[in-house]
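**Q** Got a structure for you, protein-v6.cif, holding mmCIF, C-alpha atoms and all ligand atoms.
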data_coords
#
loop_
_atom_site.label_atom_id
_atom_site.label_comp_id
_atom_site.auth_asym_id
_atom_site.auth_seq_id
_atom_site.Cartn_x
_atom_site.Cartn_y
_atom_site.Cartn_z
CA MET A 1 61.18 81.92 105.67
CA ARG A 2 63.67 84.63 104.66
CA TYR A 3 67.06 84.22 102.95
CA VAL A 4 69.60 86.08 105.06
CA LEU A 5 73.33 86.65 104.48
CA ILE A 6 75.32 87.78 107.54
CA THR A 7 78.94 88.99 107.33
CA GLY A 8 81.22 88.82 110.37
CA ALA A 9 79.17 85.81 111.46
CA GLY A 10 82.14 83.99 113.02
CA ASP A 11 81.98 85.89 116.29
CA GLY A 12 80.45 88.79 118.22
CA VAL A 13 77.33 90.51 116.96
CA GLY A 14 77.23 88.57 113.68
CA LYS A 15 77.29 85.24 115.50
CA ALA A 16 74.65 86.37 118.04
CA THR A 17 72.45 87.60 115.18
CA ALA A 18 72.82 84.29 113.35
CA LYS A 19 71.67 82.48 116.50
CA LEU A 20 68.60 84.71 116.84
CA LEU A 21 67.69 84.23 113.17
CA LYS A 22 68.36 80.48 113.14
CA ASN A 23 64.88 79.72 111.82
CA GLU A 24 65.59 81.64 108.62
CA LYS A 25 67.64 80.29 105.73
CA LEU A 26 71.13 81.58 106.57
CA LEU A 27 74.31 82.12 104.57
CA LEU A 28 77.04 82.95 107.08
CA VAL A 29 80.13 84.82 105.90
CA ASP A 30 83.44 85.57 107.65
CA ARG A 31 87.16 85.47 106.91
CA ASP A 32 87.90 83.45 110.07
CA GLU A 33 87.44 79.92 108.75
CA ASN A 34 87.53 78.05 112.09
CA ASN A 35 85.05 80.26 113.90
CA LEU A 36 82.77 80.42 110.89
CA LYS A 37 82.68 76.64 110.42
CA ASN A 38 81.88 76.13 114.12
CA VAL A 39 79.04 78.64 114.11
CA ALA A 40 77.62 77.29 110.85
CA LYS A 41 77.81 73.71 112.12
CA SER A 42 76.05 74.56 115.39
CA LEU A 43 73.20 76.25 113.49
CA HIS A 44 73.08 73.82 110.54
CA ALA A 45 73.63 76.85 108.31
CA GLU A 46 75.36 77.35 105.00
CA TYR A 47 78.64 79.29 105.08
CA PHE A 48 81.06 81.00 102.73
CA ILE A 49 84.58 82.10 103.68
CA CYS A 50 85.13 85.62 102.42
CA ASP A 51 87.23 88.61 103.36
CA VAL A 52 84.94 91.53 102.53
CA SER A 53 87.95 93.77 101.85
CA ASN A 54 89.20 91.48 99.07
CA ILE A 55 87.80 91.98 95.56
CA GLU A 56 88.51 88.42 94.37
CA ASN A 57 86.75 87.01 97.45
CA LEU A 58 83.81 89.36 96.85
CA ASP A 59 83.50 88.25 93.22
CA LYS A 60 83.40 84.62 94.38
CA LEU A 61 80.76 85.46 96.98
CA LYS A 62 78.63 87.17 94.34
CA SER A 63 78.82 84.10 92.06
CA TYR A 64 78.07 81.78 94.98
CA VAL A 65 74.99 83.79 95.93
CA GLU A 66 73.72 83.96 92.34
CA THR A 67 74.08 80.20 91.96
CA ASN A 68 73.29 78.81 95.40
CA PHE A 69 71.47 81.49 97.36
CA SER A 70 69.55 83.32 94.66
CA LYS A 71 66.49 83.93 96.86
CA LEU A 72 68.59 86.29 99.03
CA ASP A 73 66.34 88.98 100.52
CA THR A 74 68.33 90.28 103.51
CA ILE A 75 71.96 91.34 103.99
CA ILE A 76 73.30 92.01 107.49
CA ASN A 77 76.76 93.62 107.40
CA CYS A 78 78.54 92.97 110.72
CA ALA A 79 82.17 92.50 109.65
CA GLY A 80 84.27 95.28 111.13
CA VAL A 81 87.67 96.08 112.67
CA TRP A 82 88.95 98.64 115.16
CA THR A 83 91.80 101.00 115.85
CA LYS A 84 92.21 104.06 118.05
CA GLY A 85 94.73 106.83 118.72
CA GLU A 86 94.79 110.58 118.16
CA LEU A 87 97.33 111.89 115.65
CA SER A 88 99.24 113.55 118.48
CA GLN A 89 99.60 110.16 120.23
CA LEU A 90 101.40 108.52 117.31
CA SER A 91 104.81 109.24 118.84
CA GLU A 92 103.96 106.42 121.31
CA ALA A 93 105.06 103.05 119.94
CA HIS A 94 101.75 101.25 120.55
CA PHE A 95 99.66 103.90 118.78
CA ALA A 96 102.20 104.17 115.95
CA GLU A 97 102.02 100.38 115.46
CA ILE A 98 98.22 100.15 115.35
CA ASN A 99 98.02 103.19 113.04
CA LYS A 100 100.62 102.12 110.48
CA LEU A 101 99.41 103.22 107.04
CA SER A 102 98.89 99.59 106.03
CA LYS A 103 96.61 99.09 109.07
CA ILE A 104 94.66 102.28 108.35
CA LYS A 105 94.12 101.06 104.79
CA ASP A 106 93.05 97.60 106.00
CA LEU A 107 90.55 99.18 108.38
CA LEU A 108 89.01 101.40 105.71
CA ASP A 109 89.00 98.44 103.32
CA THR A 110 86.88 96.40 105.73
CA ASN A 111 84.66 98.97 107.45
CA THR A 112 83.91 101.31 104.56
CA PHE A 113 84.87 99.63 101.28
CA GLY A 114 83.75 96.18 102.59
CA THR A 115 80.27 97.43 103.50
CA ILE A 116 79.88 99.32 100.22
CA ALA A 117 81.29 96.40 98.22
CA VAL A 118 78.99 93.76 99.75
CA ILE A 119 75.98 95.97 99.02
CA THR A 120 77.18 96.76 95.49
CA SER A 121 77.94 93.12 94.68
CA LEU A 122 74.74 91.64 96.06
CA SER A 123 72.13 94.32 95.39
CA PRO A 124 71.49 93.03 91.82
CA THR A 125 70.15 89.84 93.45
CA LEU A 126 67.93 91.84 95.84
CA LEU A 127 66.71 93.96 92.92
CA LYS A 128 65.93 90.85 90.88
CA ASN A 129 63.91 89.48 93.79
CA SER A 130 62.04 92.83 93.86
CA LYS A 131 62.04 93.08 97.67
CA GLY A 132 64.82 93.32 100.20
CA GLN A 133 66.37 94.61 103.37
CA ILE A 134 69.93 95.62 104.29
CA ILE A 135 71.05 96.15 107.88
CA ASN A 136 74.52 97.59 108.50
CA VAL A 137 76.01 97.30 111.96
CA ASN A 138 77.47 100.76 112.16
CA SER A 139 78.46 102.43 115.45
CA GLN A 140 78.06 105.33 117.81
CA SER A 141 81.21 106.34 115.91
CA GLY A 142 79.14 106.64 112.75
CA VAL A 143 76.94 109.37 114.23
CA GLU A 144 79.22 111.22 116.65
CA THR A 145 82.71 112.69 116.47
CA GLU A 146 85.01 110.54 118.58
CA GLU A 147 88.41 112.19 118.72
CA PHE A 148 90.13 109.21 120.34
CA CYS A 149 89.54 107.02 117.26
CA PRO A 150 89.62 109.28 114.18
CA VAL A 151 90.31 106.54 111.63
CA TYR A 152 87.53 104.26 112.91
CA ASN A 153 85.32 107.35 113.21
CA ALA A 154 85.93 108.24 109.55
CA SER A 155 85.34 104.64 108.41
CA LYS A 156 81.94 104.44 110.11
CA HIS A 157 80.88 107.92 108.92
CA GLY A 158 81.79 106.77 105.40
CA SER A 159 79.41 103.83 105.44
CA TYR A 160 76.74 105.87 107.31
CA TYR A 161 76.71 108.53 104.58
CA TYR A 162 76.83 105.89 101.84
CA ARG A 163 73.66 104.40 103.35
CA LYS A 164 71.99 107.83 103.39
CA ALA A 165 72.99 108.39 99.76
CA ILE A 166 71.47 105.12 98.49
CA GLN A 167 68.41 105.03 100.77
CA ARG A 168 65.94 106.70 98.39
CA ASP A 169 67.14 104.84 95.29
CA LEU A 170 66.76 101.50 97.10
CA ALA A 171 63.37 102.46 98.59
CA GLN A 172 62.05 103.17 95.12
CA HIS A 173 62.94 99.57 94.30
CA ASN A 174 61.31 98.14 97.44
CA ILE A 175 64.57 97.63 99.34
CA LYS A 176 65.02 99.19 102.75
CA ILE A 177 68.29 99.85 104.55
CA THR A 178 69.13 100.60 108.18
CA ASP A 179 72.23 101.58 110.11
CA VAL A 180 72.17 100.02 113.57
CA CYS A 181 74.53 102.22 115.64
CA PRO A 182 75.57 100.63 118.95
CA GLY A 183 77.80 102.09 121.62
CA LEU A 184 80.37 99.86 123.31
CA ILE A 185 79.73 96.11 122.99
CA LYS A 186 81.34 93.42 125.16
CA THR A 187 82.88 91.27 122.40
CA ASN A 188 86.40 90.23 121.41
CA PHE A 189 86.47 93.20 119.02
CA TYR A 190 89.09 95.19 120.97
CA ILE A 191 91.36 92.30 121.95
CA ARG A 192 91.17 90.94 118.40
CA ASN A 193 92.39 94.32 117.14
CA ASN A 194 95.32 94.79 119.58
CA ASP A 195 93.51 96.88 122.14
CA GLU A 196 92.49 95.98 125.64
CA LEU A 197 89.82 97.97 127.44
CA SER A 198 89.70 97.92 131.24
CA GLU A 199 87.07 95.84 133.01
CA ASP A 200 85.49 99.07 134.29
CA ILE A 201 84.97 100.32 130.74
CA MET A 202 83.80 96.94 129.43
CA LYS A 203 81.12 96.89 132.14
CA LEU A 204 79.45 99.79 130.32
CA GLY A 205 79.02 97.71 127.19
CA LEU A 206 76.01 96.00 125.68
CA THR A 207 76.21 92.28 125.08
CA ALA A 208 76.36 90.98 121.51
CA GLU A 209 72.95 89.40 122.18
CA GLU A 210 71.44 92.79 123.11
CA VAL A 211 72.66 94.27 119.83
CA ALA A 212 71.38 91.20 117.97
CA LYS A 213 67.94 91.84 119.51
CA THR A 214 68.02 95.38 118.10
CA ILE A 215 68.88 93.94 114.68
CA LYS A 216 65.98 91.48 114.99
CA TYR A 217 63.65 94.33 115.94
CA VAL A 218 64.58 96.08 112.67
CA PHE A 219 64.41 92.76 110.77
CA ASP A 220 60.90 92.01 112.12
CA MET A 221 59.34 95.37 111.16
CA PRO A 222 56.60 95.08 108.51
CA HIS A 223 58.25 95.56 105.13
CA GLU A 224 56.49 98.89 104.49
CA ILE A 225 58.06 100.41 107.64
CA THR A 226 61.64 101.56 107.23
CA ILE A 227 64.00 102.64 110.02
CA PRO A 228 66.89 104.60 108.45
CA SER A 229 69.03 104.43 111.57
CA ILE A 230 68.74 103.39 115.16
CA GLU A 231 71.12 104.04 118.08
CA VAL A 232 71.46 101.65 121.00
CA ARG A 233 73.61 101.92 124.12
CA HIS A 234 73.91 100.60 127.63
CA ILE A 235 72.18 103.09 129.92
CA LYS A 236 75.41 103.62 131.89
CA ASN A 237 77.29 104.48 128.68
CA TYR A 238 75.69 107.92 128.37
N1 LIG A 301 82.47 95.88 119.85
C1 LIG A 301 82.08 97.13 119.93
O1 LIG A 301 82.26 97.82 120.97
C2 LIG A 301 81.37 97.79 118.78
C3 LIG A 301 80.68 98.98 119.01
C4 LIG A 301 79.98 99.58 117.96
C5 LIG A 301 79.97 99.01 116.72
N2 LIG A 301 80.66 97.85 116.51
C6 LIG A 301 80.61 97.28 115.15
O2 LIG A 301 79.89 96.07 115.23
C7 LIG A 301 80.35 95.17 114.20
C8 LIG A 301 80.60 93.81 114.84
O3 LIG A 301 81.58 93.98 115.85
P1 LIG A 301 81.84 92.87 116.94
O4 LIG A 301 82.04 93.57 118.23
O5 LIG A 301 80.84 91.79 116.83
O6 LIG A 301 83.30 92.37 116.44
P2 LIG A 301 84.02 90.94 116.58
O7 LIG A 301 83.57 90.23 117.81
O8 LIG A 301 85.47 91.25 116.42
O9 LIG A 301 83.48 90.11 115.32
C9 LIG A 301 83.75 90.59 114.02
C10 LIG A 301 83.87 89.40 113.08
O10 LIG A 301 84.04 89.96 111.75
C11 LIG A 301 85.17 89.32 111.16
N3 LIG A 301 85.79 90.21 110.18
C12 LIG A 301 86.56 91.30 110.41
N4 LIG A 301 86.99 91.81 109.27
C13 LIG A 301 86.50 91.03 108.28
C14 LIG A 301 86.63 91.04 106.87
N5 LIG A 301 87.38 91.95 106.23
N6 LIG A 301 85.95 90.12 106.15
C15 LIG A 301 85.20 89.17 106.77
N7 LIG A 301 85.09 89.08 108.10
C16 LIG A 301 85.73 90.00 108.85
C17 LIG A 301 86.10 89.03 112.31
O11 LIG A 301 87.05 88.05 111.91
P3 LIG A 301 88.62 88.23 112.22
O12 LIG A 301 88.86 87.48 113.48
O13 LIG A 301 89.31 87.59 111.06
O14 LIG A 301 88.92 89.70 112.35
C18 LIG A 301 85.10 88.54 113.36
O15 LIG A 301 84.80 87.17 113.18
C19 LIG A 301 81.58 95.82 113.58
O16 LIG A 301 81.23 96.41 112.36
C20 LIG A 301 81.96 96.91 114.59
O17 LIG A 301 82.58 97.99 113.96
C21 LIG A 301 81.35 97.21 117.51
#
Take the structure in this file and express it as structure tokens.

**A**
Amino acid sequence: MRYVLITGAGDGVGKATAKLLKNEKLLLVDRDENNLKNVAKSLHAEYFICDVSNIENLDKLKSYVETNFSKLDTIINCAGVWTKGELSQLSEAHFAEINKLSKIKDLLDTNTFGTIAVITSLSPTLLKNSKGQIINVNSQSGVETEEFCPVYNASKHGSYYYRKAIQRDLAQHNIKITDVCPGLIKTNFYIRNNDELSEDIMKLGLTAEEVAKTIKYVFDMPHEITIPSIEVRHIKNY
């Protein structure tokens, strides 16, 4: 049995991944208390409420893991938020609202800082256990230039290049790390973040369960095989 911490486990890909890995020892993390409690209850899993963009919360998570989940061997980073809008569109009220500087900062704090911070806070435990795996749910936006969502694009490139920069160091300490980079996924991600995609566009998405299966594929690889990054998309989204 493996000891797996999943962020963003209250909904979407994180929740679907938790369901697929229900036979492992799980520590589920999210900032949405209600959703998280429901998911944890349904899977008889441990949970910890934490906003990965908040340093105090992260310090508490680190202490909790060291005391109560010290056999941690796998971190799956799913927590993420969304915004879109080209700079030239910001004269439109909707785009101006969802790209307020405070919202841009919040997005970078979750998608880039949050991913880096969870890894930085919890890697001492992985290193102590002398074996580990980290899987970041990145995005098509982490590997391509997407002009319609420059802030999100930058946030995902940030964590993608952070992963590349730590890959060798971690490998030398028997810890492997993968960016799973999905295209569109049919979750509440867009609605939750004040965007609404048309039904026609949403039809081109993967389900959260399909992305979770990709994560499990990476998770199930023999430890000596490492997959630095993997892209996954619905065939019609090409
Ligand atoms: N959906 C897509 O089309 C798509 C495509 C490619 C990649 N991705 C990436 O896939 C990952 C999962 O997305 P999803 O579609 O499953 O999203 P989702 O359905 O919105 O689920 C994300 C979960 O993470 C939580 N969360 C957000 N920010 C957090 C924070 N700072 N600290 C702790 N929890 C936080 C959310 O809670 P709140 O309700 O509080 O926000 C929510 O429960 C994200 O990293 C996203 O960037 C998504």

**Q** Pick out the closest residue to A:Thr67 from this set: A:Thr110, A:Thr83, A:Thr125, A:Asn138. Count only C-alpha atoms.

**A**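 Using only C-alpha atoms, A:Thr67 sits closest to A:Thr125.
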
**Q** Which residue gives the smallest distance to A:Tyr162 among A:Thr187, A:Ser53, A:Asn23, A:Asn136, with only C-alpha atoms counted?

**A** A:Asn136

**Q** Hey, can you pull every residue with an atom no more than 8 Å from (75.1, 90.7, 113.8), using only C-alpha atoms, and send it as a VMD selection string?

**A** chain A and resid 6 to 9 12 to 18 76 to 78 137 208 211 to 212 215

**Q** For A:Asn54, please output as number ranges by chain all residues within 12 Å (counting only C-alpha atoms; exclusion window: fewer than 6 positions along the same chain).

**A** A: 30-31, 60-61, 106, 108-110, 113-115, 117-118

**Q** For a test of reading the model, state the distance in Å between atom CA of A:Gly142 and atom CA of A:Ser121, rounded to one decimal.

**A**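 About the pair atom CA of A:Gly142 and atom CA of A:Ser121: they are 22.6 Å apart.
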
**Q** Which residue out of A:Ala93, A:Leu26, A:Cys50, A:Ile134 has the minimum interatomic distance to ligand LIG 301 (chain A) when all atoms listed in the file are used?

**A**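 Of the candidates, the smallest distance to ligand LIG 301 (chain A) is held by A:Cys50.
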
**Q** Please provide the set of residues having any atom within 8 Å of A:Leu5, restricted to only C-alpha atoms, with same-chain residues fewer than 6 positions apart removed, written as a list in words.

**A**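 Once the nearby chain positions are removed, what remains is Leu26, Leu27, Leu28, Val29, Leu72, Thr74, Ile75 and Ile76 of chain A.
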
**Q** Pick out the residues sitting within 8 Å of A:Lys213, and hand them over as number ranges by chain; count all atoms listed in the file, and ignore anything fewer than 4 positions along from it in its own chain.

**A** A: 17, 20, 209, 217

**Q** Listed atoms of ligand LIG 301 (chain A), axis-aligned box, 8 Å per side: centre and edge lengths to one decimal in Å, as AutoDock Vina command-line options?

**A**
--center_x 84.6 --center_y 93.4 --center_z 113.6 --size_x 25.4 --size_y 28.4 --size_z 30.8

**Q** Record the distance separating atom CA of A:Lys103 and atom CA of A:Ile49, expressed in Å with one decimal.

**A**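 Here the two named atoms are 21.5 Å from each other.
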
**Q** Kindly indicate which residue among A:Glu92, A:Asp169, A:Glu210, A:Glu66 lies nearest to ligand LIG 301 (chain A), using all atoms listed in the file for the distances.

**A**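 Residue with the minimum atom-to-atom distance to ligand LIG 301 (chain A): A:Glu210.
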
**Q** Report the distance between atom O2 of ligand LIG 301 (chain A) and atom CA of A:Ala154 in Å, rounded to one decimal place.

**A**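 Atom-to-atom, atom O2 of ligand LIG 301 (chain A) to atom CA of A:Ala154, that is 14.7 Å.
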
**Q** Using all atoms listed in the file, which protein or nucleic acid residues come within 9 Å of stretch 165-167 of chain A? Drop anything in the same chain fewer than 3 positions from it, and give the result as a VMD selection string.

**A** chain A and resid 160 to 162 170 to 172 175 to 178 228

**Q** Output C-alpha atoms for every residue in the selection just made, as a short mmCIF file (atom, residue, chain, number, x, y, z; two decimals), in the frame of the given file.

**A**
data_model
loop_
_atom_site.label_atom_id
_atom_site.label_comp_id
_atom_site.auth_asym_id
_atom_site.auth_seq_id
_atom_site.Cartn_x
_atom_site.Cartn_y
_atom_site.Cartn_z
CA TYR A 160 76.74 105.87 107.31
CA TYR A 161 76.71 108.53 104.58
CA TYR A 162 76.83 105.89 101.84
CA LEU A 170 66.76 101.50 97.10
CA ALA A 171 63.37 102.46 98.59
CA GLN A 172 62.05 103.17 95.12
CA ILE A 175 64.57 97.63 99.34
CA LYS A 176 65.02 99.19 102.75
CA ILE A 177 68.29 99.85 104.55
CA THR A 178 69.13 100.60 108.18
CA PRO A 228 66.89 104.60 108.45
#
